[in-house]
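J.: Dropping a structure here in structure tokens format, bear with me for questions.
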Amino acid sequence: MRGKDVIEALQRTLRCKTRRSLAVRLGVSAQAIQDWHKRRTVTPRQFAGMVKKAINCSLVSTHASALRPLVEFFPIARVESRGGAKYELFSTKDGRGLHPYRSGLRQEMEAGRGVYIFFDSRGQAIYAGKARRTNLWGEMTSAFNRARESVQTIKRVRHPTNRIGYRTSDEKARQIQETAVPLHELAHYFSAYQVADGLIDDLESLLVRGFANDLLNIRMERFTRHRKMRKAKRKKRARRTTKRKLKRP
């Protein structure tokens with residue numbers, strides 16, 4: 001096997017247009033790729049050595065990009081969206097115009113997917129979620145405004161909001177009762193992490209299961225392996241049911 005054939009096959013398989021980009025992908029120098037290209041024959045041992053280097057380079061790259069903190073314990077300063085239909089986590093503008101730090105943070109959140117955590121005023125985690133199909137900014141804004149009456153409740157008293165005169169509790173008893181509240185009334189800080197696509201589900205499951213007694217999450221997430229096992233069991237039961245139906249006269 002000629003070195004030229006090996007290099008060209010690797011370029012096609014890894015979709016590298018140039019030898020330099022192939023060198024970066026394999027974790028070797030451009031000169032090494034050039035030397036390989038000139039070889040008349042490539043031995044199995046030499047080819048195995050290149051594969052080993054490529055695997056090591058891939059592992060290093062994966063570790064470096066698997067988890068990237070975007071921001072941690074960022075204070076929430078909720079503002080109404082442009083149309084006033086919902087609340088956003090913070091504004092990218094201040095009295096002097098576009099705020100460079102906040103606008104940069106929003107751009108990163110709009111460009112990345114991963115996991116996030118909301119915290120209360122004491123800095124304790126109250127909700128963990130993931131952004132796998134959409135970006136972090138969009139998913140977090142949705143969670144920030146989502147109605148979750150079954151779990152997000154606190155005891156409050158309903159006071160009049162119109163312009164009527166004050167009446168004491170002797171004249172008007174106002175009962176303390178459970179009131180549903182969205183996250184934008186409970187959360188004071190948030191953290192956001194960009195995560196490799198293949199790890200998002202399991203990392204969210206780890207957060208939810210690890211802090212099951214502290215979070216307001218309704219569903220107890222499963223790890224990928226457990227989800228696959230559960231799916232396989234459902235398919236197996238479905239096949240058994242189908243077979244029983246077919247055997248009936």
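Scheme for the structure tokens: letters A, B, ... for chains in order shown; per-chain residue numbers from 1; ligand numbers from 1 in order shown.
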Can you build me a table of segment 191-212 of chain A residues sitting at most 9 Å from segment 120-133 of chain A, with the closest atom pair per residue and its distance in Å to one decimal, using only C-alpha atoms, sorted by chain and residue number, as CSV?
T.:
residue,atom,partner,partner_atom,distance
A:Asp197,CA,A:Arg132,CA,7.0
A:Ile200,CA,A:Arg132,CA,6.7
A:Asp201,CA,A:Lys130,CA,7.3
A:Leu203,CA,A:Lys130,CA,8.6
A:Glu204,CA,A:Lys130,CA,6.1
A:Ser205,CA,A:Gly129,CA,9.0
A:Leu207,CA,A:Ala128,CA,6.8
A:Val208,CA,A:Ala128,CA,6.4
A:Phe211,CA,A:Ala125,CA,8.3
J.: Give me, as a PyMOL selection string, the residues of segment 36-234 of chain A that a backbone DSSP run labels strand (DSSP E).
T.: chain A and resi 67-75+79-80+87-88+93-94+97-98+114-119+125-131+153-157+176-180+189-195
J.: Generate a file of the selected residues that holds N, CA and C atoms, formatted as a compact mmCIF listing (two decimals), in the first residue's frame.
T.:
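Wrote it out as out.txt, contents follow:
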# COMPACT_ATOMS: atom_id res chain seq x y z
N LEU A 67 -16.95 20.10 27.89
CA LEU A 67 -17.65 20.94 28.86
C LEU A 67 -16.96 22.30 28.95
N ARG A 68 -17.72 23.35 28.66
CA ARG A 68 -17.14 24.70 28.69
C ARG A 68 -18.07 25.63 29.48
N PRO A 69 -17.64 26.11 30.64
CA PRO A 69 -18.48 27.03 31.40
C PRO A 69 -18.62 28.36 30.66
N LEU A 70 -19.86 28.79 30.44
CA LEU A 70 -20.10 30.10 29.83
C LEU A 70 -20.20 31.19 30.89
N VAL A 71 -20.93 30.87 31.97
CA VAL A 71 -21.07 31.83 33.06
C VAL A 71 -21.58 31.07 34.28
N GLU A 72 -21.21 31.52 35.47
CA GLU A 72 -21.64 30.87 36.69
C GLU A 72 -22.15 31.90 37.69
N PHE A 73 -23.28 31.60 38.30
CA PHE A 73 -23.92 32.46 39.30
C PHE A 73 -24.07 33.90 38.79
N PHE A 74 -24.54 34.01 37.57
CA PHE A 74 -24.77 35.34 37.00
C PHE A 74 -26.07 35.90 37.57
N PRO A 75 -26.06 37.13 38.08
CA PRO A 75 -27.27 37.70 38.68
C PRO A 75 -28.34 37.98 37.62
N VAL A 79 -36.15 41.45 32.52
CA VAL A 79 -36.72 42.55 31.75
C VAL A 79 -37.79 41.97 30.82
N GLU A 80 -38.75 42.76 30.46
CA GLU A 80 -39.77 42.31 29.53
C GLU A 80 -39.17 42.19 28.13
N TYR A 87 -40.69 37.40 30.01
CA TYR A 87 -39.53 38.01 30.63
C TYR A 87 -38.25 37.39 30.08
N GLU A 88 -37.22 38.20 29.98
CA GLU A 88 -35.89 37.71 29.62
C GLU A 88 -34.99 37.81 30.84
N LYS A 93 -28.54 45.96 27.17
CA LYS A 93 -28.30 47.40 27.10
C LYS A 93 -28.36 48.02 28.49
N ASP A 94 -27.66 49.13 28.63
CA ASP A 94 -27.75 49.92 29.85
C ASP A 94 -27.91 51.38 29.44
N GLY A 97 -25.95 52.46 26.32
CA GLY A 97 -26.11 51.73 25.07
C GLY A 97 -25.88 50.24 25.24
N LEU A 98 -25.30 49.60 24.23
CA LEU A 98 -25.07 48.16 24.26
C LEU A 98 -23.99 47.83 25.29
N GLY A 114 -26.32 22.97 25.77
CA GLY A 114 -25.71 22.39 26.96
C GLY A 114 -26.69 22.26 28.11
N VAL A 115 -26.23 22.55 29.32
CA VAL A 115 -27.06 22.45 30.52
C VAL A 115 -27.01 23.76 31.29
N TYR A 116 -28.00 23.95 32.15
CA TYR A 116 -28.07 25.20 32.92
C TYR A 116 -28.70 24.92 34.28
N ILE A 117 -28.46 25.84 35.21
CA ILE A 117 -29.00 25.72 36.56
C ILE A 117 -29.50 27.10 37.00
N PHE A 118 -30.68 27.12 37.61
CA PHE A 118 -31.19 28.33 38.23
C PHE A 118 -31.02 28.21 39.74
N PHE A 119 -30.71 29.35 40.39
CA PHE A 119 -30.50 29.39 41.84
C PHE A 119 -31.44 30.42 42.47
N ALA A 125 -29.42 25.74 44.35
CA ALA A 125 -30.00 25.30 43.09
C ALA A 125 -31.47 24.96 43.26
N ILE A 126 -32.31 25.46 42.34
CA ILE A 126 -33.74 25.17 42.40
C ILE A 126 -34.26 24.53 41.12
N TYR A 127 -33.51 24.63 40.02
CA TYR A 127 -33.97 24.01 38.76
C TYR A 127 -32.78 23.77 37.85
N ALA A 128 -32.74 22.58 37.24
CA ALA A 128 -31.69 22.24 36.28
C ALA A 128 -32.35 21.78 34.98
N GLY A 129 -31.78 22.18 33.88
CA GLY A 129 -32.36 21.81 32.59
C GLY A 129 -31.29 21.68 31.53
N LYS A 130 -31.74 21.31 30.33
CA LYS A 130 -30.82 21.11 29.21
C LYS A 130 -31.34 21.85 27.98
N ALA A 131 -30.43 22.21 27.11
CA ALA A 131 -30.76 22.78 25.80
C ALA A 131 -30.07 21.91 24.76
N THR A 153 -44.94 26.32 43.81
CA THR A 153 -45.95 27.05 44.57
C THR A 153 -45.35 27.56 45.87
N ILE A 154 -45.83 28.68 46.31
CA ILE A 154 -45.48 29.22 47.62
C ILE A 154 -46.76 29.77 48.24
N LYS A 155 -46.75 29.96 49.55
CA LYS A 155 -47.93 30.48 50.24
C LYS A 155 -47.92 32.01 50.19
N ARG A 156 -49.04 32.54 49.71
CA ARG A 156 -49.18 33.99 49.56
C ARG A 156 -50.60 34.41 49.92
N VAL A 157 -50.78 35.72 50.01
CA VAL A 157 -52.10 36.31 50.19
C VAL A 157 -52.40 37.16 48.97
N ILE A 176 -54.33 32.99 53.59
CA ILE A 176 -53.04 32.56 53.06
C ILE A 176 -53.26 31.25 52.31
N GLN A 177 -52.83 31.19 51.05
CA GLN A 177 -53.09 30.01 50.23
C GLN A 177 -51.94 29.74 49.26
N GLU A 178 -51.91 28.50 48.76
CA GLU A 178 -50.89 28.11 47.80
C GLU A 178 -51.09 28.88 46.49
N THR A 179 -49.99 29.46 46.00
CA THR A 179 -50.05 30.23 44.77
C THR A 179 -48.93 29.77 43.84
N ALA A 180 -49.29 29.49 42.60
CA ALA A 180 -48.29 29.07 41.61
C ALA A 180 -47.42 30.25 41.21
N TYR A 189 -30.16 33.85 40.31
CA TYR A 189 -28.88 33.63 39.62
C TYR A 189 -29.03 32.45 38.66
N PHE A 190 -28.12 32.36 37.70
CA PHE A 190 -28.09 31.18 36.84
C PHE A 190 -26.65 30.88 36.42
N SER A 191 -26.42 29.62 36.09
CA SER A 191 -25.15 29.17 35.51
C SER A 191 -25.48 28.46 34.20
N ALA A 192 -24.60 28.60 33.21
CA ALA A 192 -24.82 27.97 31.91
C ALA A 192 -23.52 27.35 31.42
N TYR A 193 -23.62 26.13 30.89
CA TYR A 193 -22.45 25.38 30.44
C TYR A 193 -22.69 24.85 29.04
N GLN A 194 -21.75 25.10 28.15
CA GLN A 194 -21.81 24.51 26.82
C GLN A 194 -21.25 23.10 26.90
N VAL A 195 -22.01 22.14 26.40
CA VAL A 195 -21.66 20.72 26.54
C VAL A 195 -21.73 20.04 25.18
J.: Residues near Arg25 of chain A, anyone? I mean within 9 Å using only C-alpha atoms, not counting same-chain ones fewer than 3 positions away, as an MDAnalysis selection string.
T.: chainID A and resid 14 16 20:22 28 54 57:58
J.: Name the residues of segment 4-228 of chain A that come out as alpha helix (DSSP H) in a backbone DSSP run; write them as JSON, numbers by chain.
T.: {"A": [4, 5, 6, 7, 8, 9, 10, 11, 12, 13, 14, 19, 20, 21, 22, 23, 24, 25, 26, 30, 31, 32, 33, 34, 35, 36, 37, 38, 44, 45, 46, 47, 48, 49, 50, 51, 52, 53, 54, 55, 56, 57, 58, 59, 60, 61, 62, 63, 64, 65, 100, 101, 102, 103, 104, 105, 106, 107, 108, 109, 110, 111, 136, 137, 138, 139, 140, 141, 142, 143, 144, 145, 200, 201, 202, 203, 204, 205, 206, 207, 208, 209, 210, 224, 225, 226, 227, 228]}
J.: Can you write out the residues you just picked, keeping C-alpha atoms, as a tab-separated table (two decimals), in the first residue's frame?
T.:
chain	number	residue	atom	x	y	z
A	4	LYS	CA	-0.10	8.51	-1.25
A	5	ASP	CA	-3.12	6.19	-1.32
A	6	VAL	CA	-3.32	6.17	2.49
A	7	ILE	CA	-3.24	9.96	2.77
A	8	GLU	CA	-5.80	10.49	0.01
A	9	ALA	CA	-8.13	7.89	1.52
A	10	LEU	CA	-7.85	9.56	4.93
A	11	GLN	CA	-8.61	12.95	3.41
A	12	ARG	CA	-11.76	11.60	1.78
A	13	THR	CA	-12.91	9.71	4.87
A	14	LEU	CA	-12.26	12.56	7.31
A	19	ARG	CA	-3.04	17.90	3.96
A	20	ARG	CA	-2.54	20.59	6.58
A	21	SER	CA	-6.09	20.19	7.87
A	22	LEU	CA	-5.58	16.41	7.87
A	23	ALA	CA	-2.45	16.88	9.98
A	24	VAL	CA	-4.44	18.91	12.53
A	25	ARG	CA	-7.18	16.28	12.59
A	26	LEU	CA	-4.71	13.44	13.18
A	30	ALA	CA	2.25	18.81	8.33
A	31	GLN	CA	5.77	17.55	7.53
A	32	ALA	CA	4.81	14.09	8.82
A	33	ILE	CA	1.86	13.99	6.41
A	34	GLN	CA	4.15	15.08	3.60
A	35	ASP	CA	6.62	12.31	4.44
A	36	TRP	CA	3.81	9.77	4.51
A	37	HIS	CA	2.61	10.97	1.11
A	38	LYS	CA	6.05	10.31	-0.41
A	44	PRO	CA	0.89	-2.37	8.99
A	45	ARG	CA	2.94	-1.24	12.00
A	46	GLN	CA	3.34	2.28	10.58
A	47	PHE	CA	-0.36	2.51	9.81
A	48	ALA	CA	-1.24	1.32	13.33
A	49	GLY	CA	1.03	4.01	14.77
A	50	MET	CA	-0.81	6.71	12.83
A	51	VAL	CA	-4.18	5.39	14.01
A	52	LYS	CA	-2.94	5.44	17.61
A	53	LYS	CA	-1.85	9.08	17.28
A	54	ALA	CA	-5.20	10.01	15.76
A	55	ILE	CA	-7.08	8.36	18.65
A	56	ASN	CA	-4.97	10.16	21.26
A	57	CYS	CA	-5.49	13.49	19.48
A	58	SER	CA	-9.25	12.87	19.34
A	59	LEU	CA	-9.37	12.13	23.07
A	60	VAL	CA	-7.51	15.33	23.93
A	61	SER	CA	-9.81	17.35	21.67
A	62	THR	CA	-12.92	15.74	23.16
A	63	HIS	CA	-11.82	16.44	26.74
A	64	ALA	CA	-11.08	20.06	25.87
A	65	SER	CA	-14.45	20.71	24.22
A	100	PRO	CA	-20.28	44.63	26.00
A	101	TYR	CA	-20.20	41.95	28.69
A	102	ARG	CA	-23.91	41.12	28.71
A	103	SER	CA	-24.23	41.25	24.92
A	104	GLY	CA	-21.22	38.94	24.58
A	105	LEU	CA	-22.72	36.52	27.10
A	106	ARG	CA	-26.03	36.44	25.25
A	107	GLN	CA	-24.25	35.74	21.94
A	108	GLU	CA	-22.45	32.78	23.52
A	109	MET	CA	-25.72	31.46	24.97
A	110	GLU	CA	-27.48	31.85	21.61
A	111	ALA	CA	-24.66	29.97	19.86
A	136	LEU	CA	-29.21	27.87	25.75
A	137	TRP	CA	-30.70	31.35	25.59
A	138	GLY	CA	-33.95	30.18	23.99
A	139	GLU	CA	-34.41	27.16	26.27
A	140	MET	CA	-33.55	29.07	29.45
A	141	THR	CA	-35.94	31.90	28.53
A	142	SER	CA	-38.68	29.32	27.97
A	143	ALA	CA	-38.03	27.65	31.34
A	144	PHE	CA	-37.85	31.07	33.01
A	145	ASN	CA	-41.45	31.79	31.95
A	200	ILE	CA	-26.02	16.79	27.33
A	201	ASP	CA	-28.67	14.24	28.29
A	202	ASP	CA	-26.50	12.35	30.76
A	203	LEU	CA	-25.10	15.49	32.38
A	204	GLU	CA	-28.61	16.85	32.94
A	205	SER	CA	-29.63	13.47	34.38
A	206	LEU	CA	-26.67	13.61	36.75
A	207	LEU	CA	-27.64	17.09	37.99
A	208	VAL	CA	-31.32	16.24	38.45
A	209	ARG	CA	-30.69	12.89	40.14
A	210	GLY	CA	-27.81	14.21	42.27
A	224	THR	CA	-28.84	7.14	28.35
A	225	ARG	CA	-28.12	3.49	29.12
A	226	HIS	CA	-31.23	3.20	31.28
A	227	ARG	CA	-33.38	4.90	28.63
A	228	LYS	CA	-32.17	2.42	26.04
J.: For Arg78 of chain A, list every protein, DNA or RNA residue within 10 Å, evaluated using only C-alpha atoms, and leave out those in the same chain fewer than 5 positions away; present the list as a list in words.
T.: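 Within the cut-off, the hits are Lys86, Tyr87, Glu88, Leu89, Phe90, Ser91, Phe144, His184, Glu185, Ala187 and His188 of chain A.
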J.: Output C-alpha atoms of each residue in that selection to a file, as an mmCIF file, in the first residue's frame.
T.:
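New file out.cif:
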data_model
loop_
_atom_site.group_PDB
_atom_site.id
_atom_site.type_symbol
_atom_site.label_atom_id
_atom_site.label_comp_id
_atom_site.auth_asym_id
_atom_site.auth_seq_id
_atom_site.Cartn_x
_atom_site.Cartn_y
_atom_site.Cartn_z
ATOM 1 C CA LYS A 86 -42.510 37.236 28.444
ATOM 2 C CA TYR A 87 -39.526 38.009 30.634
ATOM 3 C CA GLU A 88 -35.892 37.714 29.621
ATOM 4 C CA LEU A 89 -33.015 36.938 31.978
ATOM 5 C CA PHE A 90 -31.256 40.257 31.504
ATOM 6 C CA SER A 91 -30.955 43.163 29.116
ATOM 7 C CA PHE A 144 -37.848 31.073 33.006
ATOM 8 C CA HIS A 184 -38.836 34.410 37.070
ATOM 9 C CA GLU A 185 -40.254 35.091 40.539
ATOM 10 C CA ALA A 187 -34.640 32.586 40.484
ATOM 11 C CA HIS A 188 -31.958 35.160 41.284
#
